[in-house]
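What follows is protein.txt (compact mmCIF, C-alpha atoms).
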```
# COMPACT_ATOMS: atom_id res chain seq x y z
CA MET A 5 110.73 100.56 121.35
CA PRO A 6 112.95 97.51 120.76
CA HIS A 7 115.89 97.09 123.12
CA LYS A 8 119.20 97.62 121.31
CA ASN A 9 120.58 94.27 122.55
CA MET A 10 117.52 92.29 121.45
CA PRO A 11 117.21 90.72 117.99
CA HIS A 12 115.35 92.87 115.50
CA PRO A 13 111.63 91.98 115.58
CA PHE A 14 111.74 91.24 111.83
CA THR A 15 114.60 88.74 112.15
CA ASP A 16 113.71 85.27 110.77
CA LYS A 17 110.24 86.45 109.73
CA LEU A 18 108.73 85.82 106.29
CA PHE A 19 107.39 88.85 104.39
CA VAL A 20 105.27 89.39 101.30
CA PHE A 21 105.42 92.83 99.64
CA ILE A 22 102.34 94.12 97.81
CA GLY A 23 103.13 96.88 95.33
CA ASN A 24 106.04 99.32 95.49
CA PRO A 25 106.98 101.68 98.35
CA ALA A 26 106.61 105.42 97.91
CA ARG A 27 109.77 106.43 99.77
CA CYS A 28 112.27 104.17 97.97
CA SER A 29 112.57 101.40 95.40
CA ARG A 30 111.23 97.91 96.06
CA GLN A 31 114.78 96.55 95.87
CA ALA A 32 116.00 99.05 98.49
CA ALA A 33 113.17 98.02 100.83
CA ARG A 34 114.03 94.36 100.29
CA GLU A 35 117.73 94.93 100.99
CA ALA A 36 116.90 96.94 104.13
CA LEU A 37 114.69 94.10 105.38
CA THR A 38 117.35 91.51 104.54
CA SER A 39 119.95 93.48 106.49
CA VAL A 40 117.98 92.95 109.74
CA GLY A 41 117.35 89.27 109.04
CA GLY A 42 113.92 89.44 107.43
CA VAL A 43 113.11 87.11 104.53
CA ILE A 44 111.09 87.90 101.39
CA GLU A 45 108.75 85.38 99.77
CA GLU A 46 106.65 85.79 96.64
CA ARG A 47 103.19 84.87 97.88
CA ILE A 48 101.15 84.47 101.05
CA THR A 49 101.49 80.98 102.56
CA THR A 50 100.80 79.24 105.86
CA PHE A 51 104.19 80.39 107.11
CA THR A 52 103.92 84.09 106.17
CA HIS A 53 104.45 86.32 109.21
CA TYR A 54 103.86 89.78 107.68
CA VAL A 55 102.32 91.25 104.55
CA VAL A 56 103.37 94.81 103.75
CA ALA A 57 100.85 96.74 101.66
CA PHE A 58 102.49 99.76 100.09
CA VAL A 59 100.57 102.82 98.95
CA GLY A 60 97.91 102.25 96.28
CA THR A 61 97.42 98.50 96.67
CA GLU A 62 94.15 98.57 98.61
CA LYS A 63 92.01 97.52 95.63
CA THR A 64 94.05 94.46 94.67
CA LYS A 65 92.85 90.90 95.32
CA VAL A 66 96.10 90.09 97.12
CA TYR A 67 95.43 92.94 99.55
CA GLN A 68 91.88 91.69 100.20
CA LYS A 69 93.31 88.22 100.84
CA ALA A 70 95.80 89.71 103.28
CA VAL A 71 93.02 91.58 105.10
CA GLU A 72 91.16 88.31 105.64
CA HIS A 73 94.29 86.52 106.89
CA ASP A 74 95.02 89.43 109.23
CA LYS A 75 91.45 89.41 110.55
CA TYR A 76 91.64 85.74 111.52
CA GLY A 77 95.11 86.06 113.05
CA HIS A 78 96.95 84.04 110.41
CA MET A 79 99.50 86.81 109.78
CA VAL A 80 99.92 90.56 110.34
CA LEU A 81 99.12 93.21 107.72
CA LEU A 82 101.33 96.32 107.85
CA ASP A 83 101.08 99.53 105.87
CA GLU A 84 104.17 101.30 104.56
CA SER A 85 104.50 103.65 107.54
CA GLN A 86 104.20 100.83 110.09
CA PHE A 87 106.73 98.70 108.20
CA PHE A 88 109.41 101.37 108.06
CA ASP A 89 108.80 102.48 111.66
CA VAL A 90 109.54 98.95 112.89
CA LEU A 91 112.39 98.51 110.41
CA GLU A 92 114.04 101.67 111.75
CA ASN A 93 113.48 100.64 115.39
CA LYS A 94 110.98 103.44 115.99
CA ALA A 95 108.18 101.07 117.04
CA MET A 96 107.34 97.45 117.77
CA PRO A 97 105.33 95.48 115.18
CA LEU A 98 101.66 94.75 115.59
CA GLU A 99 100.75 91.31 116.92
CA LYS A 100 98.44 88.77 115.32
CA LYS A 101 94.77 89.33 116.10
CA ASP A 102 93.02 86.93 118.48
CA TYR A 103 89.91 86.20 116.44
CA LYS A 104 86.88 85.09 118.49
CA PRO A 105 83.65 84.77 116.47
CA GLU A 106 80.45 85.44 118.38
CA GLY A 107 78.54 82.37 119.55
CA VAL A 108 81.50 80.05 118.97
CA TYR A 109 83.52 78.53 121.79
CA ILE A 110 87.15 77.82 120.97
CA LEU A 111 88.59 74.91 122.94
CA HIS A 112 92.38 74.88 122.82
CA PRO A 113 94.04 71.44 123.05
CA PRO A 114 96.42 70.80 125.94
CA ASP A 115 100.02 71.88 125.44
CA ASN A 116 102.08 69.35 123.51
CA PRO A 117 105.79 70.22 123.61
CA THR A 118 106.63 67.62 120.96
CA THR A 119 104.13 69.05 118.48
CA GLU A 120 105.18 72.62 119.24
CA ASN A 121 108.86 71.78 118.80
CA LYS A 122 108.18 70.02 115.52
CA SER A 123 106.12 72.96 114.21
CA ALA A 124 108.89 75.35 115.19
CA ALA A 125 111.44 73.15 113.43
CA ILE A 126 109.38 73.06 110.24
CA GLU A 127 108.91 76.83 110.35
CA LYS A 128 112.65 77.30 110.86
CA TYR A 129 113.33 75.10 107.86
CA VAL A 130 110.87 77.01 105.65
CA VAL A 131 112.40 80.36 106.63
CA GLY A 132 115.93 79.04 106.11
CA ARG A 133 115.11 77.53 102.72
CA ARG A 134 113.49 80.76 101.52
CA ARG A 135 116.45 82.81 102.77
CA LEU A 136 118.88 80.55 100.93
CA LYS A 137 116.78 80.75 97.76
CA ASN A 138 116.76 84.56 97.98
CA MET A 139 120.51 84.62 98.49
CA LEU A 140 121.03 82.51 95.39
CA ARG A 141 118.68 84.76 93.45
CA PHE A 142 120.17 88.04 94.70
CA LYS A 143 123.83 87.03 94.93
CA ASN A 144 125.08 90.58 95.30
CA SER A 145 123.32 90.99 98.64
CA ALA A 146 124.73 87.90 100.37
CA THR A 147 128.16 86.93 101.67
CA ASP A 148 129.80 83.52 101.87
CA VAL A 149 129.44 83.68 105.64
CA ASP A 150 125.69 84.27 105.31
CA MET A 151 125.37 81.32 102.95
CA ARG A 152 127.31 79.05 105.28
CA LYS A 153 125.21 80.02 108.30
CA THR A 154 122.01 79.44 106.33
CA ALA A 155 123.13 76.02 105.14
CA VAL A 156 123.97 75.06 108.72
CA ALA A 157 120.56 76.21 109.95
CA ILE A 158 118.67 74.30 107.25
CA ILE A 159 120.39 70.95 107.59
CA SER A 160 120.50 71.16 111.39
CA THR A 161 116.74 71.62 111.36
CA VAL A 162 116.30 68.66 109.02
CA LEU A 163 118.31 66.43 111.32
CA GLN A 164 116.28 67.48 114.36
CA MET A 165 112.92 66.41 112.92
CA GLN A 166 112.81 63.10 114.83
CA TYR A 167 114.59 60.97 112.24
CA ASP A 168 117.52 58.65 112.94
CA THR A 169 120.85 60.33 112.17
CA PRO A 170 124.49 59.50 113.02
CA ASN A 171 125.10 59.80 116.77
CA ASP A 172 128.89 59.74 116.68
CA GLU A 173 131.39 61.64 114.56
CA ASP A 174 132.89 58.21 113.71
CA ASP A 175 129.66 57.37 111.87
CA LEU A 176 130.30 60.17 109.37
CA PRO A 177 132.21 59.65 106.10
CA ASP A 178 135.95 60.36 106.24
CA CYS A 179 135.71 63.04 103.56
CA TRP A 180 133.39 65.47 105.36
CA GLY A 181 134.45 69.05 104.70
CA GLN A 182 133.64 72.03 102.46
CA SER A 183 134.75 71.65 98.88
CA GLU A 184 133.75 72.31 95.26
CA ILE A 185 133.89 68.53 94.76
CA CYS A 186 131.20 66.15 95.98
CA ALA A 187 132.55 64.18 98.95
CA ALA A 188 130.67 61.05 97.88
CA CYS A 189 131.25 60.76 94.13
CA SER A 190 133.83 63.44 93.19
CA GLN A 191 131.43 65.23 90.82
CA ALA A 192 130.98 69.01 91.03
CA SER A 193 129.18 69.87 94.28
CA SER A 194 126.06 72.00 94.42
CA VAL A 195 124.98 71.71 98.08
CA THR A 196 126.92 72.30 101.31
CA ILE A 197 125.34 70.90 104.47
CA ALA A 198 126.37 70.56 108.11
CA VAL A 199 125.72 68.14 110.95
CA ARG A 200 125.38 69.68 114.42
CA GLY A 201 127.18 72.76 113.13
CA THR A 202 130.60 71.10 113.41
CA ALA A 203 131.06 68.73 110.45
CA PHE A 204 130.51 70.05 106.92
CA VAL A 205 130.11 68.20 103.66
CA SER A 206 129.76 69.26 100.03
CA LEU A 207 127.55 67.08 97.85
CA CYS A 208 126.28 67.04 94.29
CA GLN A 209 122.50 67.16 93.83
CA ASP A 210 122.17 63.39 93.35
CA CYS A 211 124.13 62.53 96.50
CA HIS A 212 122.24 65.19 98.43
CA ASN A 213 118.97 63.60 97.30
CA GLU A 214 120.23 60.24 98.52
CA PHE A 215 121.29 61.78 101.85
CA VAL A 216 117.85 63.32 102.42
CA ALA A 217 116.10 60.12 101.26
CA GLN A 218 118.10 58.00 103.72
CA THR A 219 117.47 60.53 106.49
CA LEU A 220 113.73 60.31 105.82
CA ARG A 221 113.88 56.51 105.32
CA MET A 222 112.46 56.66 101.83
CA GLY A 223 113.60 55.51 98.40
CA SER A 224 115.44 57.67 95.91
CA PRO A 225 115.21 56.99 92.14
CA GLU A 226 118.59 56.39 90.56
CA ASP A 227 117.82 56.79 86.86
CA ILE A 228 115.96 60.10 86.51
CA THR A 229 117.16 61.48 83.18
CA LYS A 230 119.32 64.62 83.14
CA LYS A 231 118.20 65.81 79.72
CA LEU A 232 115.09 65.68 77.56
CA SER A 233 114.70 66.72 73.91
CA PHE A 234 111.53 67.43 71.95
CA ILE A 235 110.79 68.44 68.39
CA GLY A 236 108.29 71.25 68.19
CA LYS A 237 105.68 71.90 65.52
CA ASP A 238 108.21 74.20 63.84
CA GLY A 239 110.57 71.25 63.33
CA LYS A 240 113.18 72.61 65.75
CA THR A 241 114.73 70.48 68.50
CA TYR A 242 114.34 71.84 72.02
CA ASN A 243 116.69 70.56 74.73
CA PHE A 244 115.94 70.77 78.44
CA ALA A 245 118.16 70.13 81.47
CA ILE A 246 116.29 68.13 84.13
CA GLU A 247 116.98 68.58 87.84
CA PHE A 248 115.42 66.37 90.52
CA GLU A 249 115.48 67.57 94.13
CA ILE A 250 114.26 65.93 97.34
CA PHE A 251 113.47 68.18 100.29
CA PRO A 252 112.32 67.22 103.80
CA THR A 253 108.79 68.31 102.84
CA ASP A 254 108.38 67.57 99.12
CA LYS A 255 109.99 66.70 95.78
CA LEU A 256 110.65 68.91 92.79
CA LEU A 257 111.40 68.22 89.13
CA THR A 258 112.56 71.23 87.14
CA ALA A 259 113.07 71.53 83.37
CA THR A 260 115.20 74.43 82.11
CA GLU A 261 115.77 74.97 78.40
CA ILE A 262 119.36 74.73 77.15
CA GLY A 263 120.32 77.36 74.59
CA LYS A 264 119.52 80.97 73.74
CA THR A 265 115.90 80.76 74.86
CA LYS A 266 115.00 79.84 78.44
CA ARG A 267 111.66 78.14 78.75
CA MET A 268 111.11 76.63 82.17
CA THR A 269 108.55 74.51 83.99
CA ASP A 270 108.44 72.23 87.02
CA VAL A 271 106.36 69.66 88.86
CA PHE A 272 105.94 69.52 92.63
CA GLY A 273 105.14 66.31 94.45
CA ALA A 274 104.62 65.11 98.01
CA LEU A 275 107.33 63.01 99.65
CA ASP A 276 105.47 59.83 98.73
CA ALA A 277 104.83 60.92 95.13
CA ASP A 278 106.13 58.62 92.40
CA ALA A 279 109.11 60.36 90.77
CA TYR A 280 108.51 58.60 87.45
CA GLU A 281 104.90 59.75 87.33
CA MET A 282 106.15 63.27 88.05
CA LEU A 283 108.59 62.88 85.15
CA GLU A 284 105.79 61.85 82.77
CA THR A 285 103.83 64.95 83.80
CA LEU A 286 106.93 67.05 83.24
CA LYS A 287 107.38 65.58 79.74
CA LYS A 288 103.83 66.62 78.80
CA ARG A 289 104.44 70.15 80.05
CA ILE A 290 107.76 70.38 78.22
CA LYS A 291 106.13 69.15 75.00
CA LYS A 292 103.49 71.85 75.35
CA LEU A 293 106.17 74.49 75.94
CA ALA A 294 108.03 73.37 72.83
CA SER A 295 104.89 73.25 70.68
CA VAL A 296 103.13 76.50 71.54
CA LYS A 297 104.21 79.92 70.31
CA TYR A 298 102.54 82.95 71.83
CA MET A 299 104.57 85.74 70.19
CA ASP A 300 105.24 86.45 66.51
CA ASP A 301 108.59 87.61 65.13
CA ASN A 302 107.59 91.25 65.69
CA GLY A 303 106.89 90.69 69.38
CA TYR A 304 103.09 90.71 69.21
CA PHE A 305 100.65 88.17 70.66
CA THR A 306 99.71 85.63 68.01
CA LYS A 307 96.39 84.49 69.53
CA ASN A 308 95.41 87.38 71.80
CA LYS A 309 96.96 85.38 74.62
CA ALA A 310 100.37 84.75 76.20
CA VAL A 311 101.65 82.47 78.98
CA GLY A 312 105.08 82.95 80.52
CA TYR A 313 106.77 83.81 83.79
CA VAL A 314 108.28 86.80 85.58
CA GLU A 315 112.03 86.91 86.18
CA TYR A 316 114.38 89.48 87.66
CA ASP A 317 117.48 90.23 85.56
CA LEU A 318 120.31 91.12 87.95
CA GLU A 319 122.53 92.58 85.23
CA ARG A 320 119.84 94.88 83.86
CA GLU A 321 118.32 95.41 87.33
CA ARG A 322 114.77 94.99 86.08
CA HIS A 323 111.92 92.52 85.96
CA GLU A 324 111.21 90.85 82.62
CA ILE A 325 108.39 88.70 81.24
CA ILE A 326 109.67 85.45 79.72
CA ILE A 327 107.40 84.31 76.87
CA ASP A 328 108.38 81.56 74.42
CA GLY A 329 111.68 81.50 76.30
CA LYS A 330 112.51 85.11 75.36
CA PRO A 331 112.66 88.10 77.74
CA TYR A 332 110.33 91.04 77.16
CA SER A 333 110.56 94.36 78.99
CA TRP A 334 107.56 96.16 80.49
CA SER A 335 107.62 98.63 77.57
CA GLU A 336 107.45 95.78 75.04
CA ILE A 337 104.50 94.23 76.87
CA GLU A 338 102.89 97.67 77.05
CA LYS A 339 103.14 97.82 73.24
CA ASN A 340 101.04 94.66 73.05
CA ILE A 341 98.51 95.83 75.59
CA SER A 342 98.06 99.31 74.09
CA ALA A 343 97.38 97.70 70.69
CA HIS A 344 94.24 96.18 72.28
CA GLU A 345 92.78 99.42 73.58
CA GLY A 346 89.11 98.93 74.41
CA TRP A 347 89.43 95.16 74.74
CA LYS A 348 88.91 93.19 77.94
CA ILE A 349 92.00 91.75 79.60
CA LYS A 350 92.63 88.93 82.08
CA ILE A 351 95.85 88.53 84.08
CA GLU A 352 96.39 85.30 86.01
CA PHE A 353 99.30 84.09 88.16
CA ALA A 354 100.35 80.54 89.07
CA ASP A 355 103.42 78.45 89.93
CA HIS A 356 105.70 77.35 87.09
CA GLY A 357 104.32 73.82 87.21
CA ASP A 358 100.66 74.88 87.27
CA GLU A 359 98.69 74.70 84.05
CA LEU A 360 97.10 77.91 82.77
CA ASP A 361 94.26 77.72 80.23
```
What's the structure tokens form of this structure?
Amino acid sequence: MPHKNMPHPFTDKLFVFIGNPARCSRQAAREALTSVGGVIEERITTFTHYVVAFVGTEKTKVYQKAVEHDKYGHMVLLDESQFFDVLENKAMPLEKKDYKPEGVYILHPPDNPTTENKSAAIEKYVVGRRRLKNMLRFKNSATDVDMRKTAVAIISTVLQMQYDTPNDEDDLPDCWGQSEICAACSQASSVTIAVRGTAFVSLCQDCHNEFVAQTLRMGSPEDITKKLSFIGKDGKTYNFAIEFEIFPTDKLLTATEIGKTKRMTDVFGALDADAYEMLETLKKRIKKLASVKYMDDNGYFTKNKAVGYVEYDLERERHEIIIDGKPYSWSEIEKNISAHEGWKIKIEFADHGDELD
């Protein structure tokens, strides 16, 4: 049993949910996990700590993948009962398996505190970034205090990753402080960061990119466009807002449609990736989005195929499928599927920026 004065064993751990719990809604389970400091992510990654397989998910490919990862000690697979027992402080979580294949000798390298500290810092950053992303996505479950603490944790981790940073408070700009205005250029701020947990600054996305680029001693493009327009095959003009972000681990270019419809795509790149090459790739993907129509005016598939993305609507409290920039409910998608009774079906998932055939 966990000691009442100890942090909850799920605190600062990354979780992937498979399926829906039997005892409550998926959202209720997520909020309960968030309340003890756990963090939800969408898919299994190198940094995943736990995968929770709810009832009835044993035949899914994701479950089989989780079983393999659990077997080799990459993460821990929990069933619904085990998850809620730990969540409610009735038990301690299972530990990662120590996999030792027969006939193979595993030689562990000597302890390297520097490497261990750096790995811990990267893991802390990944957890913090995912927590912040979840808070922005589920605004009703986060407080301003939570957001501030998360921002402090993220930027503090960035500045501890063995890069040169200001050593004295005198080295910091005079305008450091929390504000809705960017401290560097007076535009609307979108990011609040902290140095050593004492000095705060609010920056717009461009100035934040420059801050991270200087911290990592790398260049930052100054003329990435903020808007792209394309004319589709239907003769209509489609406008997209372009956002460029630099993180300590990668770069991201995101295109979000402006208007009633909300098509979206993005391109990930490594830190040394050419931003302008990423932009050219993004243009091709936007052009494809603006030129392909998967649904007819009656809401049926036009070519026995549809590509879109899943989004959670906070106001309606439901997941929706976004196809051709328009939201479709599960019942509307069911109408399409039931019209193809007896046909074969293929369902495939990928990141926004990945190409699906």
Quiz item: Within 6 Å of region 250-262 of chain A, counting only C-alpha atoms, which residues qualify if same-chain residues fewer than 3 places away don't, as a PyMOL selection string?
Solution: chain A and resi 213+243-247+266-275
Quiz prompt | Contacts of region 88-100 of chain A at 12 Å (only C-alpha atoms; same-chain gap of 5+ positions) as a count of residues only | solution = 46
Exercise. Point out the residue among A:Arg322, A:Lys264, A:Lys237, A:Lys339 with the least atom-to-atom distance to Val296 (chain A), counting all atoms listed in the file.
Key: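 Of A:Arg322, A:Lys264, A:Lys237, A:Lys339, the one nearest Val296 (chain A) is A:Lys237, counting all atoms listed in the file.
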Quiz item: Hey, what's within 8 Å of Thr61 (chain A) if we count all atoms listed in the file and toss same-chain stuff fewer than 6 positions away? As a ChimeraX atom specification, please?
Solution: /A:22-23,67
Selection near region 306-311 of chain A, 9 Å with all atoms listed in the file, sequence-local residues under 6 positions removed, as a compact mmCIF listing (two decimals) with C-alpha atoms, keeping the file's coordinate frame:
```txt
# COMPACT_ATOMS: atom_id res chain seq x y z
CA LYS A 297 104.21 79.92 70.31
CA TYR A 298 102.54 82.95 71.83
CA MET A 299 104.57 85.74 70.19
CA ASP A 300 105.24 86.45 66.51
CA ILE A 326 109.67 85.45 79.72
CA ILE A 327 107.40 84.31 76.87
CA ASP A 328 108.38 81.56 74.42
CA HIS A 344 94.24 96.18 72.28
CA LEU A 360 97.10 77.91 82.77
CA ASP A 361 94.26 77.72 80.23
```
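CA of Ile325 (chain A) is found 12.3 Å from CA of Phe353 (chain A).
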Quiz item: To one decimal place, how far is CA of Cys208 (chain A) from CA of Tyr280 (chain A) in Å?
Solution: 20.8 Å
Quiz prompt | Pairwise distance for CA of Ala279 (chain A) and CA of Ser194 (chain A), rounded to one decimal in Å | solution = 20.9 Å
